[in-house]
Structure formats: C-alpha cells, structure tokens
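A short write-up of the structure that comes next.
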Amino acid sequence: MVRGAKAGDGPGYTLEAIAVRISHDITEARKREDLPAYTRTVVTVLPWQRMLHIRVEGFDTVPARATSRAVITTLFDLVSTYNIIPLDSVELPLFTQHIVLVDSFGQPFAAIVGAGAGEAEPVMQ
C-alpha cells in the first residue's frame with residue numbers, strides 16, 4: 001500500500017475535506033513560489049468517480065515544457081500526499097487525480113491522470 005503522509009481515514013478525510021486541504025496547500029505552494037503566482041487552480045470533487053479534478057488556468061500562452069512539467073509535478077506530488085493506494089489489483093485508490101493545464105482560451109495543453117506516487121508500506125499478513 002502507498003499511503004500519503006497526510007492521508008487518513010474517517011469523516012475528516014472525505015474527498016470534499018481533502019479538496020479543501022489541497023486548496024490550502026496550493027496557496028502555500030504559490031507563496032513558496034513552487035507554483036507560478038499568475039496561475040489559478042480550480043479543484044472539483046467528482047465523488048461518484050472518486051476523482052479530484054484540478055484545472056490550472058492563467059497561462060497567457062503555452063509555457064515552456066519545463067514550466068508545464070514543473071507545475072504538473074508539483075501538484076501531483078502535493079495531491080498524492082492525501083491518497084491511499086492499495087497495491088493489490090482488487091481495491092481502488094481513495095481517489096484518482098486529474099490535473100489539466102489550460103491556455104487562455106480554455107484549451108488543455110498538458111495533463112496527468114493517476115493515483116499517486118510514493119514508497120510502499122510493507123504488506124502485513
């Protein structure tokens with residue numbers, strides 16, 4: 001199992017509660033300049049699909065590939081800290097994240113979809 005450092009179980013860890021925490025973390029990342037100050041993020045919860053959709057706006061033009069990759073990687077790593085990902089093929093992760101970067105016309109130019117990344121915990125038998 002891969003369990004994010006901020007992941008948990010119970011009422012305080014619904015997708016909606018996680019979305020609020022992620023929004024706060026994104027604001028903090030922007031303050032630390034881990035994300036460009038000119039970007040805006042919209043976090044949408046799709047509970048029936050167990051999905052967090054994060055739309056990143058504010059790009060006047062399509063940025064350099066390094067900038068796109070840095071934004072996507074920063075957000076993916078940040079969101080992964082809230083996920084619980086079983087490594088068996090039976091159980092689903094707590095949620096899937098969709099991160100989409102869009103240009104000033106609302107057209108996607110970069111995206112990543114996945115559950116998360118991290119170190120696996122030992123399997124208890």
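Residues in the structure tokens are numbered from 1 in each chain, the chains being A, B, ... in the order shown, and ligands are numbered from 1 in the order shown.
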Legend entry - For Ala29 of chain A: contacts at 12 Å, only C-alpha atoms, fewer than 2 positions along chain excluded, given as a list in words: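 With the cut-off at 12 Å, the set is Ile22, Ser23, His24, Asp25, Ile26, Thr27, Lys31, Arg32, Glu33, Asp34, Leu35, Pro36, Ala37, Thr39, Thr41, Val71, Thr74, Leu75, Asp77, Leu78 and Val79 of chain A.
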Inset, instruction - Write out as a list in words each polymer residue whose atoms come within 12 Å of Arg21 of chain A, counting only C-alpha atoms; drop sequence neighbours fewer than 6 positions from it. - result: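 Using only C-alpha atoms, the neighbours found are Lys6, Ala7, Gly12, Tyr13, Thr14, Leu15, Thr27, Glu28, Val43, Leu78, Val79, Thr81 and Tyr82 of chain A.
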Legend entry - Residue contacts of Phe95 of chain A (9 Å, only C-alpha atoms) excluding same-chain residues fewer than 5 positions away, as JSON, numbers by chain: {"A": [15, 47, 49, 50, 51, 52, 83, 84, 85, 114, 115]}
Legend entry - Filtered DSSP result for segment 11-87 of chain A, state helix (DSSP H, G or I), as a PyMOL selection string: chain A and resi 11-13+15-31+47-49+65-80
Can you tell me, as a PDB file with N, CA and C atoms, in the first residue's frame, what residues are no more than 12 Å from Arg65 of chain A when counting only C-alpha atoms, ignoring any on the same chain fewer than 3 positions away?
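Written out: around_37.pdb:
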ATOM      1  N   THR A  61       0.009  32.161 -22.705  1.00  0.00           N
ATOM      2  CA  THR A  61       0.452  31.345 -23.835  1.00  0.00           C
ATOM      3  C   THR A  61       0.837  29.987 -23.278  1.00  0.00           C
ATOM      4  N   VAL A  62       1.050  29.049 -24.158  1.00  0.00           N
ATOM      5  CA  VAL A  62       1.520  27.741 -23.707  1.00  0.00           C
ATOM      6  C   VAL A  62       2.964  27.929 -23.242  1.00  0.00           C
ATOM      7  N   SER A  68       5.526  23.664 -17.662  1.00  0.00           N
ATOM      8  CA  SER A  68       4.354  22.777 -17.593  1.00  0.00           C
ATOM      9  C   SER A  68       4.655  21.568 -16.726  1.00  0.00           C
ATOM     10  N   ARG A  69       5.785  20.961 -16.966  1.00  0.00           N
ATOM     11  CA  ARG A  69       6.166  19.763 -16.217  1.00  0.00           C
ATOM     12  C   ARG A  69       6.338  20.082 -14.733  1.00  0.00           C
ATOM     13  N   ALA A  70       6.943  21.224 -14.421  1.00  0.00           N
ATOM     14  CA  ALA A  70       7.149  21.604 -13.019  1.00  0.00           C
ATOM     15  C   ALA A  70       5.815  21.814 -12.303  1.00  0.00           C
ATOM     16  N   VAL A  71       4.864  22.472 -12.973  1.00  0.00           N
ATOM     17  CA  VAL A  71       3.549  22.703 -12.370  1.00  0.00           C
ATOM     18  C   VAL A  71       2.839  21.374 -12.140  1.00  0.00           C
ATOM     19  N   ILE A  72       2.826  20.525 -13.145  1.00  0.00           N
ATOM     20  CA  ILE A  72       2.155  19.228 -13.023  1.00  0.00           C
ATOM     21  C   ILE A  72       2.800  18.379 -11.934  1.00  0.00           C
ATOM     22  N   THR A  73       4.113  18.317 -11.912  1.00  0.00           N
ATOM     23  CA  THR A  73       4.819  17.503 -10.916  1.00  0.00           C
ATOM     24  C   THR A  73       4.565  18.018  -9.505  1.00  0.00           C
ATOM     25  N   LEU A 101      -3.791  21.477 -17.391  1.00  0.00           N
ATOM     26  CA  LEU A 101      -3.353  22.856 -17.599  1.00  0.00           C
ATOM     27  C   LEU A 101      -4.028  23.361 -18.863  1.00  0.00           C
ATOM     28  N   PHE A 109      -3.507  21.934 -22.693  1.00  0.00           N
ATOM     29  CA  PHE A 109      -2.242  21.739 -23.396  1.00  0.00           C
ATOM     30  C   PHE A 109      -1.315  20.779 -22.656  1.00  0.00           C
ATOM     31  N   ALA A 110      -1.658  20.414 -21.436  1.00  0.00           N
ATOM     32  CA  ALA A 110      -0.877  19.422 -20.691  1.00  0.00           C
ATOM     33  C   ALA A 110      -1.780  18.826 -19.619  1.00  0.00           C
ATOM     34  N   ALA A 111      -1.544  17.557 -19.300  1.00  0.00           N
ATOM     35  CA  ALA A 111      -2.370  16.896 -18.291  1.00  0.00           C
ATOM     36  C   ALA A 111      -1.658  15.668 -17.738  1.00  0.00           C
TER      37      ALA A 111
END
Inset, instruction - Determine which residues of segment 15-73 of chain A DSSP labels as strand (DSSP E or B) from the backbone of this structure, then write them out as JSON, numbers by chain. - result: {"A": [40, 41, 42, 43, 44, 45, 46, 51, 52, 53, 54, 55, 56, 57, 58, 59]}
Inset, instruction - Quote the spacing between atom CA of Ile112 of chain A and atom CA of Val100 of chain A in Å to one decimal place. - result: 6.7 Å
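Comparing A:Leu94, A:Leu87, A:Val102, A:Ala64 by their smallest distance to Gly8 of chain A, the closest is A:Leu94 (using only C-alpha atoms).
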Inset, instruction - For atom CA of Ile54 of chain A and atom CA of Asp9 of chain A, determine how far apart the two atoms are, in Å to one decimal place. - result: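 Calculated distance between atom CA of Ile54 of chain A and atom CA of Asp9 of chain A is 22.1 Å.
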Legend entry - Distance in Å - atom CA of Ala19 of chain A versus atom CA of Ala117 of chain A: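 Between these atoms lies a distance of 18.1 Å.
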